[in-house]
file run_35.cif (mmCIF, C-alpha atoms)
data_data
loop_
_atom_site.group_PDB
_atom_site.id
_atom_site.type_symbol
_atom_site.label_atom_id
_atom_site.label_comp_id
_atom_site.auth_asym_id
_atom_site.auth_seq_id
_atom_site.Cartn_x
_atom_site.Cartn_y
_atom_site.Cartn_z
ATOM 1 C CA MET A 1 -46.770 194.423 -64.140
ATOM 2 C CA THR A 2 -45.575 196.490 -67.121
ATOM 3 C CA GLU A 3 -42.054 197.855 -67.401
ATOM 4 C CA LYS A 4 -43.177 201.385 -66.490
ATOM 5 C CA SER A 5 -45.474 200.349 -63.634
ATOM 6 C CA PHE A 6 -43.879 200.600 -60.200
ATOM 7 C CA CYS A 7 -45.013 198.295 -57.423
ATOM 8 C CA PRO A 8 -46.386 200.530 -54.647
ATOM 9 C CA GLU A 9 -45.108 198.134 -51.979
ATOM 10 C CA CYS A 10 -41.531 197.350 -53.101
ATOM 11 C CA TYR A 11 -40.895 200.280 -55.503
ATOM 12 C CA SER A 12 -39.701 198.192 -58.460
ATOM 13 C CA GLU A 13 -40.863 198.042 -62.064
ATOM 14 C CA TYR A 14 -39.388 194.523 -62.311
ATOM 15 C CA SER A 15 -40.901 191.799 -60.147
ATOM 16 C CA ARG A 16 -37.864 189.479 -60.269
ATOM 17 C CA VAL A 17 -34.900 191.853 -60.434
ATOM 18 C CA THR A 18 -33.517 190.647 -57.089
ATOM 19 C CA PRO A 19 -31.314 188.862 -56.188
ATOM 20 C CA PHE A 20 -28.960 190.585 -58.629
ATOM 21 C CA TYR A 21 -26.519 187.663 -58.806
ATOM 22 C CA ALA A 22 -25.623 184.424 -57.003
ATOM 23 C CA SER A 23 -29.389 183.995 -56.971
ATOM 24 C CA GLU A 24 -29.692 180.366 -55.902
ATOM 25 C CA ASN A 25 -27.186 180.708 -53.059
ATOM 26 C CA CYS A 26 -28.876 183.843 -51.758
ATOM 27 C CA LEU A 27 -32.423 182.494 -52.033
ATOM 28 C CA LYS A 28 -31.573 179.192 -50.348
ATOM 29 C CA ASN A 29 -29.452 180.485 -47.482
ATOM 30 C CA HIS A 30 -30.566 184.013 -46.597
ATOM 31 C CA ARG A 31 -33.677 185.487 -45.035
ATOM 32 C CA GLN A 32 -35.910 187.077 -47.643
ATOM 33 C CA TYR A 33 -38.646 189.681 -47.616
ATOM 34 C CA LYS A 34 -41.535 188.727 -49.922
ATOM 35 C CA CYS A 35 -43.573 191.527 -51.456
ATOM 36 C CA LYS A 36 -47.235 190.541 -51.108
ATOM 37 C CA THR A 37 -48.135 192.755 -54.079
ATOM 38 C CA CYS A 38 -45.792 191.463 -56.825
ATOM 39 C CA GLY A 39 -44.046 188.529 -55.118
ATOM 40 C CA ARG A 40 -40.533 189.956 -55.436
ATOM 41 C CA LEU A 41 -37.960 188.606 -52.963
ATOM 42 C CA ILE A 42 -35.416 190.930 -51.341
ATOM 43 C CA CYS A 43 -32.528 189.644 -49.229
ATOM 44 C CA ILE A 44 -32.594 191.080 -45.693
ATOM 45 C CA ASP A 45 -29.669 189.030 -44.365
ATOM 46 C CA LYS A 46 -26.400 190.717 -43.335
ATOM 47 C CA ARG A 47 -24.579 188.026 -45.311
ATOM 48 C CA GLY A 48 -26.594 188.987 -48.376
ATOM 49 C CA GLU A 49 -25.323 189.388 -51.896
ATOM 50 C CA HIS A 50 -25.642 193.171 -51.856
ATOM 51 C CA SER A 51 -26.556 194.751 -48.562
ATOM 52 C CA PHE A 52 -28.866 197.746 -48.307
ATOM 53 C CA PHE A 53 -26.178 199.190 -46.013
ATOM 54 C CA ALA A 54 -23.984 199.661 -49.109
ATOM 55 C CA LYS A 55 -23.153 202.863 -50.940
ATOM 56 C CA PHE A 56 -24.610 202.681 -54.428
ATOM 57 C CA ASN A 57 -23.465 204.164 -57.726
ATOM 58 C CA SER A 58 -27.008 204.183 -59.097
ATOM 59 C CA GLU A 59 -30.304 205.203 -57.593
ATOM 60 C CA ASN A 60 -31.929 202.211 -59.293
ATOM 61 C CA ALA A 61 -29.913 199.603 -57.392
ATOM 62 C CA ALA A 62 -30.712 201.340 -54.108
ATOM 63 C CA ARG A 63 -34.403 201.509 -54.995
ATOM 64 C CA TYR A 64 -34.575 197.768 -55.635
ATOM 65 C CA LEU A 65 -33.286 197.138 -52.090
ATOM 66 C CA LEU A 66 -35.160 199.957 -50.345
ATOM 67 C CA ARG A 67 -38.098 197.820 -49.255
ATOM 68 C CA GLY A 68 -35.700 195.285 -47.770
ATOM 69 C CA ALA A 69 -34.237 198.030 -45.602
ATOM 70 C CA GLU A 70 -37.730 198.990 -44.425
ATOM 71 C CA ALA A 71 -38.430 195.365 -43.511
ATOM 72 C CA PHE A 72 -35.128 195.210 -41.628
ATOM 73 C CA PHE A 73 -35.528 198.512 -39.738
ATOM 74 C CA LYS A 74 -39.330 198.166 -39.482
ATOM 75 C CA GLU A 75 -39.755 201.820 -40.418
ATOM 76 C CA GLU A 76 -39.999 204.066 -43.451
ATOM 77 C CA CYS A 77 -36.736 204.546 -45.362
ATOM 78 C CA ALA A 78 -35.615 206.726 -48.235
ATOM 79 C CA ILE A 79 -32.701 207.069 -50.656
ATOM 80 C CA PHE A 80 -30.334 209.970 -50.008
ATOM 81 C CA LYS A 81 -27.766 211.364 -52.416
ATOM 82 C CA LYS A 82 -24.375 211.904 -50.794
ATOM 83 C CA HIS A 83 -21.217 213.592 -52.046
ATOM 84 C CA GLY A 84 -17.903 211.788 -51.628
ATOM 85 C CA ASN A 85 -14.374 213.016 -52.290
ATOM 86 C CA GLU A 86 -14.526 212.601 -56.046
ATOM 87 C CA SER A 87 -18.112 211.692 -56.874
ATOM 88 C CA TYR A 88 -21.554 211.196 -55.428
ATOM 89 C CA TYR A 89 -23.277 208.034 -54.284
ATOM 90 C CA PHE A 90 -26.661 206.914 -52.996
ATOM 91 C CA GLU A 91 -27.422 205.554 -49.542
ATOM 92 C CA ILE A 92 -30.511 204.015 -47.930
ATOM 93 C CA LEU A 93 -31.357 205.445 -44.509
ATOM 94 C CA PRO A 94 -34.403 205.512 -42.213
ATOM 95 C CA VAL A 95 -36.450 208.654 -42.756
ATOM 96 C CA TYR A 96 -36.722 209.445 -39.059
ATOM 97 C CA GLY A 97 -33.613 211.290 -37.923
ATOM 98 C CA ASN A 98 -32.190 211.732 -41.415
ATOM 99 C CA LEU A 99 -34.777 213.683 -43.394
ATOM 100 C CA THR A 100 -34.308 217.452 -42.962
ATOM 101 C CA LYS A 101 -34.571 220.582 -45.091
ATOM 102 C CA LYS A 102 -30.811 220.535 -45.492
ATOM 103 C CA ASN A 103 -30.815 216.807 -46.217
ATOM 104 C CA PRO A 104 -33.817 216.102 -48.472
ATOM 105 C CA ALA A 105 -34.523 212.604 -49.746
ATOM 106 C CA TYR A 106 -33.580 211.833 -53.327
ATOM 107 C CA PHE A 107 -36.291 209.164 -53.489
ATOM 108 C CA LEU A 108 -39.099 208.927 -50.938
ATOM 109 C CA PRO A 109 -41.975 206.725 -52.165
ATOM 110 C CA GLY A 110 -44.594 207.957 -49.704
ATOM 111 C CA THR A 111 -46.467 204.629 -49.894
ATOM 112 C CA TYR A 112 -44.831 202.934 -46.899
ATOM 113 C CA CYS A 113 -46.759 200.172 -45.169
ATOM 114 C CA GLN A 114 -45.635 198.232 -42.126
ATOM 115 C CA PRO A 115 -44.271 194.811 -43.144
ATOM 116 C CA VAL A 116 -45.816 191.807 -41.436
ATOM 117 C CA LYS A 117 -43.822 189.016 -39.816
ATOM 118 C CA LYS A 118 -44.971 186.286 -42.207
ATOM 119 C CA GLN A 119 -43.408 188.193 -45.120
ATOM 120 C CA THR A 120 -39.871 187.475 -43.914
ATOM 121 C CA GLY A 121 -37.932 184.243 -43.516
ATOM 122 C CA ILE A 122 -36.179 181.393 -45.336
ATOM 123 C CA ILE A 123 -38.154 180.186 -48.336
ATOM 124 C CA SER A 124 -38.658 176.556 -49.361
ATOM 125 C CA GLU A 125 -36.676 174.696 -52.026
ATOM 126 C CA GLU A 126 -39.788 174.582 -54.211
ATOM 127 C CA GLU A 127 -40.233 178.349 -53.915
ATOM 128 C CA VAL A 128 -36.531 178.880 -54.742
ATOM 129 C CA GLN A 129 -36.721 176.898 -57.982
ATOM 130 C CA LYS A 130 -40.008 178.512 -59.025
ATOM 131 C CA TYR A 131 -38.631 182.003 -58.381
ATOM 132 C CA ILE A 132 -35.384 181.306 -60.288
ATOM 133 C CA ALA A 133 -37.377 180.073 -63.298
ATOM 134 C CA GLU A 134 -39.508 183.237 -63.207
ATOM 135 C CA GLN A 135 -36.378 185.387 -62.844
ATOM 136 C CA GLU A 136 -34.734 183.749 -65.859
ATOM 137 C CA GLU A 137 -37.885 184.333 -67.898
ATOM 138 C CA GLU A 138 -38.000 188.010 -66.907
ATOM 139 C CA ARG A 139 -34.338 188.488 -67.784
ATOM 140 C CA THR A 140 -34.955 187.262 -71.334
ATOM 141 C CA LYS A 141 -37.493 190.065 -71.786
ATOM 142 C CA CYS A 142 -36.059 192.951 -69.744
ATOM 143 C CA ASP A 143 -32.579 194.436 -70.003
ATOM 144 C CA TYR A 144 -32.617 196.006 -66.557
ATOM 145 C CA LYS A 145 -28.946 195.368 -65.859
ATOM 146 C CA SER A 146 -28.109 198.451 -67.928
ATOM 147 C CA LEU A 147 -29.864 200.516 -65.224
ATOM 148 C CA LEU A 148 -27.580 199.334 -62.443
ATOM 149 C CA ASN A 149 -24.150 200.439 -63.676
ATOM 150 C CA ASP A 150 -21.341 198.720 -61.752
ATOM 151 C CA ASP A 151 -23.475 198.157 -58.653
ATOM 152 C CA ILE A 152 -24.172 194.598 -59.763
ATOM 153 C CA GLN A 153 -21.540 194.132 -62.436
ATOM 154 C CA ARG A 154 -18.220 194.710 -60.711
ATOM 155 C CA LEU A 155 -16.480 196.590 -57.947
ATOM 156 C CA ASP A 156 -12.724 196.418 -58.450
ATOM 157 C CA LEU A 157 -10.576 195.427 -55.508
ATOM 158 C CA ASN A 158 -7.387 197.482 -55.352
ATOM 159 C CA PHE A 159 -4.424 197.530 -52.989
ATOM 160 C CA ASP A 160 -2.122 200.113 -51.402
ATOM 161 C CA PHE A 161 1.105 199.322 -49.538
ATOM 162 C CA LEU A 162 2.039 201.802 -46.819
ATOM 163 C CA SER A 163 5.287 202.000 -44.858
ATOM 164 C CA CYS A 164 5.163 201.340 -41.150
ATOM 165 C CA LYS A 165 7.895 201.500 -38.590
ATOM 166 C CA CYS A 166 9.044 198.617 -36.413
ATOM 167 C CA GLY A 167 9.322 196.191 -39.270
ATOM 168 C CA ALA A 168 5.700 196.262 -40.444
ATOM 169 C CA ILE A 169 3.994 197.196 -43.665
ATOM 170 C CA LYS A 170 0.333 198.146 -43.780
ATOM 171 C CA LEU A 171 -1.657 196.822 -46.715
ATOM 172 C CA LEU A 172 -4.957 198.434 -47.670
ATOM 173 C CA PHE A 173 -7.610 196.368 -49.435
ATOM 174 C CA LYS A 174 -9.814 198.953 -51.165
ATOM 175 C CA THR A 175 -12.968 199.276 -53.209
ATOM 176 C CA LYS A 176 -14.426 202.550 -54.415
ATOM 177 C CA TYR A 177 -16.219 203.051 -51.096
ATOM 178 C CA GLU A 178 -14.605 200.841 -48.451
ATOM 179 C CA VAL A 179 -11.182 200.044 -47.010
ATOM 180 C CA PHE A 180 -9.880 197.185 -44.882
ATOM 181 C CA SER A 181 -6.289 197.419 -43.586
ATOM 182 C CA TRP A 182 -3.877 194.822 -42.294
ATOM 183 C CA ASP A 183 -0.353 195.095 -40.891
ATOM 184 C CA PHE A 184 2.138 192.524 -42.154
ATOM 185 C CA PHE A 185 4.977 191.516 -39.838
ATOM 186 C CA ASP A 186 7.651 189.463 -41.608
ATOM 187 C CA ASP A 187 10.547 190.596 -39.454
ATOM 188 C CA GLU A 188 11.867 187.185 -38.554
ATOM 189 C CA ASN A 189 11.412 185.680 -42.006
ATOM 190 C CA ASP A 190 14.062 186.642 -44.534
ATOM 191 C CA GLU A 191 12.988 183.962 -47.046
ATOM 192 C CA ALA A 192 11.063 185.689 -49.829
ATOM 193 C CA GLU A 193 9.429 182.469 -51.030
ATOM 194 C CA THR A 194 7.657 181.943 -47.705
ATOM 195 C CA SER A 195 6.809 185.571 -47.053
ATOM 196 C CA GLU A 196 3.213 186.236 -46.063
ATOM 197 C CA PHE A 197 3.004 188.562 -49.065
ATOM 198 C CA VAL A 198 3.942 185.679 -51.372
ATOM 199 C CA LEU A 199 1.480 183.329 -49.679
ATOM 200 C CA LEU A 200 -1.245 185.894 -50.265
ATOM 201 C CA ALA A 201 -0.093 186.412 -53.862
ATOM 202 C CA LYS A 202 -0.301 182.666 -54.520
ATOM 203 C CA TRP A 203 -3.866 182.624 -53.205
ATOM 204 C CA LEU A 204 -4.869 185.663 -55.272
ATOM 205 C CA LEU A 205 -3.319 184.097 -58.377
ATOM 206 C CA ARG A 206 -5.245 180.897 -57.765
ATOM 207 C CA ILE A 207 -8.580 182.660 -57.503
ATOM 208 C CA SER A 208 -7.654 184.899 -60.471
ATOM 209 C CA SER A 209 -7.414 181.741 -62.542
ATOM 210 C CA GLU A 210 -10.956 181.014 -61.289
ATOM 211 C CA ASN A 211 -9.784 177.561 -60.276
ATOM 212 C CA VAL A 212 -11.165 178.039 -56.805
ATOM 213 C CA ASN A 213 -13.479 176.192 -54.472
ATOM 214 C CA LEU A 214 -16.805 177.842 -53.732
ATOM 215 C CA SER A 215 -15.671 178.615 -50.194
ATOM 216 C CA ASP A 216 -11.902 179.051 -50.550
ATOM 217 C CA VAL A 217 -10.407 180.926 -47.589
ATOM 218 C CA PHE A 218 -7.030 182.581 -47.058
ATOM 219 C CA LYS A 219 -6.033 182.751 -43.372
ATOM 220 C CA LEU A 220 -3.355 184.827 -41.743
ATOM 221 C CA TYR A 221 -2.133 185.315 -38.186
ATOM 222 C CA SER A 222 -0.376 188.487 -37.130
ATOM 223 C CA ASN A 223 2.541 188.795 -34.718
ATOM 224 C CA ASP A 224 0.437 191.125 -32.592
ATOM 225 C CA ALA A 225 -2.040 188.286 -31.881
ATOM 226 C CA GLY A 226 -4.521 189.462 -34.496
ATOM 227 C CA SER A 227 -5.953 187.307 -37.249
ATOM 228 C CA MET A 228 -7.708 187.806 -40.552
ATOM 229 C CA CYS A 229 -9.169 185.761 -43.363
ATOM 230 C CA ILE A 230 -10.451 186.389 -46.864
ATOM 231 C CA LYS A 231 -13.202 184.257 -48.349
ATOM 232 C CA ALA A 232 -13.761 183.823 -52.095
ATOM 233 C CA GLU A 233 -17.261 182.634 -52.920
ATOM 234 C CA ASP A 234 -19.659 183.084 -55.844
ATOM 235 C CA GLY A 235 -17.757 186.061 -57.256
ATOM 236 C CA PHE A 236 -17.435 187.795 -53.891
ATOM 237 C CA LEU A 237 -14.377 188.554 -51.796
ATOM 238 C CA ARG A 238 -15.145 189.015 -48.111
ATOM 239 C CA PHE A 239 -12.639 190.215 -45.485
ATOM 240 C CA TYR A 240 -12.960 189.309 -41.808
ATOM 241 C CA ASP A 241 -10.848 190.368 -38.840
ATOM 242 C CA SER A 242 -10.989 186.827 -37.457
ATOM 243 C CA PHE A 243 -9.367 183.513 -38.378
ATOM 244 C CA GLU A 244 -12.674 182.005 -39.530
ATOM 245 C CA PRO A 245 -15.453 183.645 -41.576
ATOM 246 C CA ASP A 246 -17.732 185.251 -39.013
ATOM 247 C CA ASP A 247 -20.612 187.505 -40.028
ATOM 248 C CA GLU A 248 -20.097 189.674 -36.966
ATOM 249 C CA ARG A 249 -16.448 190.286 -37.963
ATOM 250 C CA LEU A 250 -17.064 191.063 -41.645
ATOM 251 C CA ARG A 251 -15.209 194.256 -42.557
ATOM 252 C CA LEU A 252 -15.343 194.463 -46.364
ATOM 253 C CA SER A 253 -17.299 192.672 -49.076
ATOM 254 C CA CYS A 254 -17.131 193.230 -52.820
ATOM 255 C CA PHE A 255 -18.286 191.572 -56.017
ATOM 256 C CA SER A 256 -14.927 191.866 -57.777
ATOM 257 C CA PRO A 257 -13.738 190.184 -60.978
ATOM 258 C CA TYR A 258 -11.335 187.510 -59.750
ATOM 259 C CA LYS A 259 -9.249 187.734 -62.920
ATOM 260 C CA SER A 260 -7.911 191.147 -61.945
ATOM 261 C CA VAL A 261 -7.049 190.787 -58.258
ATOM 262 C CA PHE A 262 -3.567 189.258 -58.572
ATOM 263 C CA GLU A 263 -2.526 191.780 -61.215
ATOM 264 C CA ASN A 264 -3.811 194.648 -59.050
ATOM 265 C CA PHE A 265 -1.864 193.269 -56.080
ATOM 266 C CA LYS A 266 1.367 192.948 -58.070
ATOM 267 C CA THR A 267 0.974 196.429 -59.579
ATOM 268 C CA ALA A 268 0.439 197.960 -56.132
ATOM 269 C CA LEU A 269 3.656 196.404 -54.809
ATOM 270 C CA LYS A 270 5.598 197.605 -57.842
ATOM 271 C CA THR A 271 4.301 201.152 -57.351
ATOM 272 C CA PHE A 272 5.248 201.006 -53.680
ATOM 273 C CA LEU A 273 8.772 199.795 -54.471
ATOM 274 C CA GLU A 274 9.338 202.498 -57.070
ATOM 275 C CA ASN A 275 7.889 205.456 -55.190
ATOM 276 C CA VAL A 276 7.623 204.903 -51.441
ATOM 277 C CA TYR A 277 9.611 201.972 -50.109
ATOM 278 C CA GLU A 278 12.317 202.600 -47.525
ATOM 279 C CA PRO A 279 14.217 199.328 -47.010
ATOM 280 C CA GLU A 280 15.554 200.281 -43.586
ATOM 281 C CA GLU A 281 12.017 200.224 -42.173
ATOM 282 C CA TRP A 282 11.554 196.611 -43.185
ATOM 283 C CA GLU A 283 14.915 194.970 -43.879
ATOM 284 C CA ARG A 284 16.618 196.152 -40.729
ATOM 285 C CA LEU A 285 18.730 194.866 -37.896
ATOM 286 C CA SER A 286 18.310 196.197 -34.390
ATOM 287 C CA SER A 287 21.058 198.541 -33.242
ATOM 288 C CA ASN A 288 20.237 197.892 -29.598
ATOM 289 C CA PRO A 289 22.429 195.143 -28.054
ATOM 290 C CA ASP A 290 19.792 194.640 -25.351
ATOM 291 C CA SER A 291 17.228 193.618 -27.921
ATOM 292 C CA ASP A 292 16.757 189.983 -28.965
ATOM 293 C CA ALA A 293 16.554 191.258 -32.510
ATOM 294 C CA TYR A 294 20.163 192.397 -32.287
ATOM 295 C CA TYR A 295 21.234 188.769 -32.140
ATOM 296 C CA ASP A 296 18.412 187.073 -34.055
ATOM 297 C CA GLY A 297 18.579 189.176 -37.195
ATOM 298 C CA TYR A 298 15.364 191.197 -36.896
ATOM 299 C CA GLU A 299 15.030 191.357 -40.644
ATOM 300 C CA GLY A 300 12.289 190.906 -43.234
ATOM 301 C CA ALA A 301 12.725 189.498 -46.708
ATOM 302 C CA SER A 302 13.602 192.086 -49.317
ATOM 303 C CA LEU A 303 10.442 193.364 -50.982
ATOM 304 C CA LYS A 304 12.337 193.422 -54.267
ATOM 305 C CA LYS A 305 12.879 189.662 -53.890
ATOM 306 C CA ILE A 306 9.220 189.273 -52.943
ATOM 307 C CA TYR A 307 8.181 191.120 -56.091
ATOM 308 C CA ASP A 308 10.487 188.863 -58.130
ATOM 309 C CA CYS A 309 8.584 185.919 -56.639
ATOM 310 C CA PHE A 310 5.357 187.450 -57.924
ATOM 311 C CA GLU A 311 6.865 187.528 -61.408
ATOM 312 C CA GLU A 312 7.933 183.888 -61.129
ATOM 313 C CA LEU A 313 4.481 182.772 -60.029
ATOM 314 C CA GLU A 314 3.006 183.688 -63.409
ATOM 315 C CA LYS A 315 5.527 181.666 -65.415
#

call {"tool": "encode", "arguments": {"input": "run_35.cif", "output": "structure tokens"}}
result
Amino acid sequence: MTEKSFCPECYSEYSRVTPFYASENCLKNHRQYKCKTCGRLICIDKRGEHSFFAKFNSENAARYLLRGAEAFFKEECAIFKKHGNESYYFEILPVYGNLTKKNPAYFLPGTYCQPVKKQTGIISEEEVQKYIAEQEEERTKCDYKSLLNDDIQRLDLNFDFLSCKCGAIKLLFKTKYEVFSWDFFDDENDEAETSEFVLLAKWLLRISSENVNLSDVFKLYSNDAGSMCIKAEDGFLRFYDSFEPDDERLRLSCFSPYKSVFENFKTALKTFLENVYEPEEWERLSSNPDSDAYYDGYEGASLKKIYDCFEELEK
């Protein structure tokens, strides 16, 4: 297949462009769709490296995963251009129910064929190694990464601290398109060094140094009986609203450069302290004598002291 020739079945001019990254892990552990025309493999697993449910910066990245979406939904799909708050993005959706005169498709191949069952499944170790070798050979000849913008290169993870009443602070974990929020309750812990914020900062600093196990997990319980965990693996950060990684409880996934996450976290707290923070909402004592907090010191560690701990961690 030449560079300008598109496969009529999987809509790609490159027969080994997918998986984009973490290739061996994805090929070994996730269900794949195999194009019977060019042999390209496309991950159709919800745990996949880059889901076709994502919002894409480039039409190219969406196109390379379009056939996987059709195999998953078992119907014709198209790429639609959507307008966000500050920019536009591309999204893969089934044609039926989404294609209208007011909502035309940005890319609709028109060559859809029903996938057959034997084209999907886990591939053998021999097939994995053969495919990886062919992918490496293609990548020496074709510079297709330049077509994908930051869809496969990076998606920065940023943070926002928001004030909450009743001794809680909401923390937003954000990418360009997605947000996962968590309420931190440190009311009964006035020791900055053991604050949940500092525990999280230590974990983020460790993965920022890239001295991290392939399946390192940060776990956190909440006072309101909730739980969350963050998993760092193969360049990804995945957020779950459960105490163990659970595909059904996955709420945010991003391929983010680990080196930046601790610095982004520290910067977000500094911004919050300088512009938003109201100490009485966090470092407070109950004024109600009937409340246990009136006697127990219902008080969180000073966020200024917590930020100072962040500074010390880097020394």

call {"tool": "resolve_selection", "arguments": {"input": "run_35.cif", "expression": "the PyMOL selection byres ((chain A and resi 103) around 12)", "output": "PyMOL selection string"}}
result
chain A and resi 78-83+93+95-102+104-107

call {"tool": "residues_around", "arguments": {"input": "run_35.cif", "residues": "range 305-307 of chain A", "least_positions_apart": "3", "cutoff": "12 Å", "atoms": "all atoms listed in the file", "output": "PyMOL selection string"}}
result
chain A and resi 186+189-202+263+265-274+279+283+300-302+310-314

call {"tool": "residues_around", "arguments": {"input": "run_35.cif", "residues": "range 121-138 of chain A", "least_positions_apart": "2", "cutoff": "12 Å", "atoms": "all atoms listed in the file", "output": "JSON list (two decimals) with C-alpha atoms, in the coordinates of the input"}}
result
[["chain", "number", "residue", "atom", "x", "y", "z"],
["A", 1, "MET", "CA", -46.77, 194.42, -64.14],
["A", 2, "THR", "CA", -45.58, 196.49, -67.12],
["A", 3, "GLU", "CA", -42.05, 197.86, -67.40],
["A", 13, "GLU", "CA", -40.86, 198.04, -62.06],
["A", 14, "TYR", "CA", -39.39, 194.52, -62.31],
["A", 15, "SER", "CA", -40.90, 191.80, -60.15],
["A", 16, "ARG", "CA", -37.86, 189.48, -60.27],
["A", 17, "VAL", "CA", -34.90, 191.85, -60.43],
["A", 18, "THR", "CA", -33.52, 190.65, -57.09],
["A", 19, "PRO", "CA", -31.31, 188.86, -56.19],
["A", 20, "PHE", "CA", -28.96, 190.58, -58.63],
["A", 21, "TYR", "CA", -26.52, 187.66, -58.81],
["A", 22, "ALA", "CA", -25.62, 184.42, -57.00],
["A", 23, "SER", "CA", -29.39, 184.00, -56.97],
["A", 24, "GLU", "CA", -29.69, 180.37, -55.90],
["A", 25, "ASN", "CA", -27.19, 180.71, -53.06],
["A", 26, "CYS", "CA", -28.88, 183.84, -51.76],
["A", 27, "LEU", "CA", -32.42, 182.49, -52.03],
["A", 28, "LYS", "CA", -31.57, 179.19, -50.35],
["A", 29, "ASN", "CA", -29.45, 180.48, -47.48],
["A", 30, "HIS", "CA", -30.57, 184.01, -46.60],
["A", 31, "ARG", "CA", -33.68, 185.49, -45.04],
["A", 32, "GLN", "CA", -35.91, 187.08, -47.64],
["A", 33, "TYR", "CA", -38.65, 189.68, -47.62],
["A", 34, "LYS", "CA", -41.54, 188.73, -49.92],
["A", 38, "CYS", "CA", -45.79, 191.46, -56.82],
["A", 39, "GLY", "CA", -44.05, 188.53, -55.12],
["A", 40, "ARG", "CA", -40.53, 189.96, -55.44],
["A", 41, "LEU", "CA", -37.96, 188.61, -52.96],
["A", 42, "ILE", "CA", -35.42, 190.93, -51.34],
["A", 43, "CYS", "CA", -32.53, 189.64, -49.23],
["A", 44, "ILE", "CA", -32.59, 191.08, -45.69],
["A", 45, "ASP", "CA", -29.67, 189.03, -44.36],
["A", 71, "ALA", "CA", -38.43, 195.36, -43.51],
["A", 72, "PHE", "CA", -35.13, 195.21, -41.63],
["A", 116, "VAL", "CA", -45.82, 191.81, -41.44],
["A", 117, "LYS", "CA", -43.82, 189.02, -39.82],
["A", 118, "LYS", "CA", -44.97, 186.29, -42.21],
["A", 119, "GLN", "CA", -43.41, 188.19, -45.12],
["A", 140, "THR", "CA", -34.96, 187.26, -71.33],
["A", 141, "LYS", "CA", -37.49, 190.06, -71.79],
["A", 142, "CYS", "CA", -36.06, 192.95, -69.74],
["A", 143, "ASP", "CA", -32.58, 194.44, -70.00],
["A", 144, "TYR", "CA", -32.62, 196.01, -66.56],
["A", 145, "LYS", "CA", -28.95, 195.37, -65.86]]

call {"tool": "resolve_selection", "arguments": {"input": "run_35.cif", "expression": "the PyMOL selection byres ((chain A and resi 67) around 8)", "output": "PyMOL selection string"}}
result
chain A and resi 9-11+42+63-66+68-71+77

call {"tool": "axis_aligned_box", "arguments": {"input": "run_35.cif", "around": "range 240-245 of chain A", "padding_each_side": "4 Å", "output": "AutoDock Vina command-line options"}}
result
--center_x -12.4 --center_y 186.2 --center_z -39.6 --size_x 14.1 --size_y 16.4 --size_z 12.4

call {"tool": "atom_distance", "arguments": {"input": "run_35.cif", "atom1": "CA of Tyr240 in chain A", "atom2": "CA of Cys254 in chain A"}}
result
12.4 Å

call {"tool": "resolve_selection", "arguments": {"input": "run_35.cif", "expression": "the PyMOL selection byres ((chain A and resi 90) around 8)", "output": "number ranges by chain"}}
result
A: 55-59, 62, 79-82, 88-89, 91-92

call {"tool": "residues_around", "arguments": {"input": "run_35.cif", "residues": "Leu204 in chain A", "least_positions_apart": "4", "cutoff": "7 Å", "atoms": "all atoms listed in the file", "output": "PyMOL selection string"}}
result
chain A and resi 200+208+261-262

call {"tool": "atom_distance", "arguments": {"input": "run_35.cif", "atom1": "CA of Tyr221 in chain A", "atom2": "CA of Pro257 in chain A"}}
result
26.0 Å

call {"tool": "atom_distance", "arguments": {"input": "run_35.cif", "atom1": "CA of Leu162 in chain A", "atom2": "CA of Tyr258 in chain A"}}
result
23.5 Å
